[in-house]
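To keep things clear, I will list the structure first and then write my remarks on it.
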Protein chains: 2
Amino acid sequence: MAEYTFNVEMSCSGCSNAVNRALSRLEGIESIDISLEKQTVVVNTNLPREKVLETIKKTGKTVKEE
Amino acid sequence: MAEYTFNVEMSCSGCSNAVNRALSRLEGIESIDISLEKQTVVVNTNLPREKVLETIKKTGKTVKEE
């Protein structure tokens, strides 16, 4: 199990809920912790980081550093 | 060329920009017209409706009627 942190531009709870929903659909996600205030998405998973990043990018949100 | 209209829950310009960005990455999209006020996404494309819908769903946004 690994913990990955992504910095994602999210402006409102609609934004963070969308990221949460998109990640929730992935199999193999243990936990998702999203902070709108910190603009972070923290994921515990067995999946490779790249797969999680790709899913976040498909939400159309900007990932600030990779 | 077909025009498809989707009713998508978007709360702020961050939401609508994300949908716009996700759709822009698809090949074969002629135009995208998003109204935050009307909660609509209108797409002109040669792609099948299902493909466009799938891409919108991957943003994590709720599509209200299909």
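In the structure tokens, chains take letters A, B, ... by order of appearance, with residues numbered from 1 within each chain and ligands from 1 in the order shown.
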Would you list which chain A residues are within 7 Å of chain B using only C-alpha atoms, as a PyMOL selection string? chain A and resi 10-12+14-15+18-19+21-22+58-61
Serialized selection, C-alpha atoms, as a PDB file, in the first residue's frame:
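So again-v3.pdb came out as:
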```
ATOM      1  CA  MET A  10     -10.214  22.852  -6.928  1.00  0.00           C
ATOM      2  CA  SER A  11     -12.362  25.966  -6.496  1.00  0.00           C
ATOM      3  CA  CYS A  12     -15.497  24.697  -4.763  1.00  0.00           C
ATOM      4  CA  GLY A  14     -18.453  20.697  -6.527  1.00  0.00           C
ATOM      5  CA  CYS A  15     -14.876  20.440  -7.795  1.00  0.00           C
ATOM      6  CA  ALA A  18     -16.100  15.436  -8.633  1.00  0.00           C
ATOM      7  CA  VAL A  19     -12.505  14.367  -7.993  1.00  0.00           C
ATOM      8  CA  ARG A  21     -16.344  10.562  -7.256  1.00  0.00           C
ATOM      9  CA  ALA A  22     -13.978   9.870 -10.149  1.00  0.00           C
ATOM     10  CA  LYS A  58      -9.510  12.914 -16.684  1.00  0.00           C
ATOM     11  CA  THR A  59     -11.608  15.059 -14.360  1.00  0.00           C
ATOM     12  CA  GLY A  60     -10.223  18.039 -16.293  1.00  0.00           C
ATOM     13  CA  LYS A  61      -8.713  19.482 -13.121  1.00  0.00           C
TER      14      LYS A  61
END
```
When you look at Val43 (chain A) with a cut-off of 9 Å (counting only C-alpha atoms), what residues show up, excluding the ones that are within fewer than 4 positions of it in the same chain? I need them as a ChimeraX atom specification. /A:2-6,23,29-34,52
Just the helix (DSSP H, G or I) stuff from chain A, please, per backbone DSSP, written as a list in words. Ser13, Gly14, Cys15, Ser16, Asn17, Ala18, Val19, Asn20, Arg21, Ala22, Leu23, Ser24, Arg49, Glu50, Lys51, Val52, Leu53, Glu54, Thr55, Ile56 and Lys57 of chain A
Test item: residues at most 7 Å from Asn7 (chain B), only C-alpha atoms, excluding those fewer than 5 positions along its chain, as a ChimeraX atom specification: /B:39-41,63-65
Could those selected residues go to a file with N, CA and C atoms, as a short mmCIF file (atom, residue, chain, number, x, y, z; two decimals), in the first residue's frame?
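selection-v4.cif, written as the output of this step:
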```cif
data_model
loop_
_atom_site.label_atom_id
_atom_site.label_comp_id
_atom_site.auth_asym_id
_atom_site.auth_seq_id
_atom_site.Cartn_x
_atom_site.Cartn_y
_atom_site.Cartn_z
N GLN B 39 -26.69 24.98 -16.78
CA GLN B 39 -26.20 23.65 -16.42
C GLN B 39 -26.21 22.71 -17.63
N THR B 40 -25.80 23.26 -18.75
CA THR B 40 -25.79 22.46 -19.98
C THR B 40 -24.42 22.42 -20.63
N VAL B 41 -24.19 21.32 -21.31
CA VAL B 41 -22.98 21.12 -22.11
C VAL B 41 -23.47 20.71 -23.50
N VAL B 63 -24.26 13.71 -14.40
CA VAL B 63 -25.06 14.00 -15.59
C VAL B 63 -26.50 13.67 -15.22
N LYS B 64 -27.39 14.66 -15.33
CA LYS B 64 -28.70 14.52 -14.72
C LYS B 64 -29.69 13.66 -15.50
N GLU B 65 -29.67 13.74 -16.79
CA GLU B 65 -30.53 12.84 -17.56
C GLU B 65 -29.73 12.42 -18.79
#
```
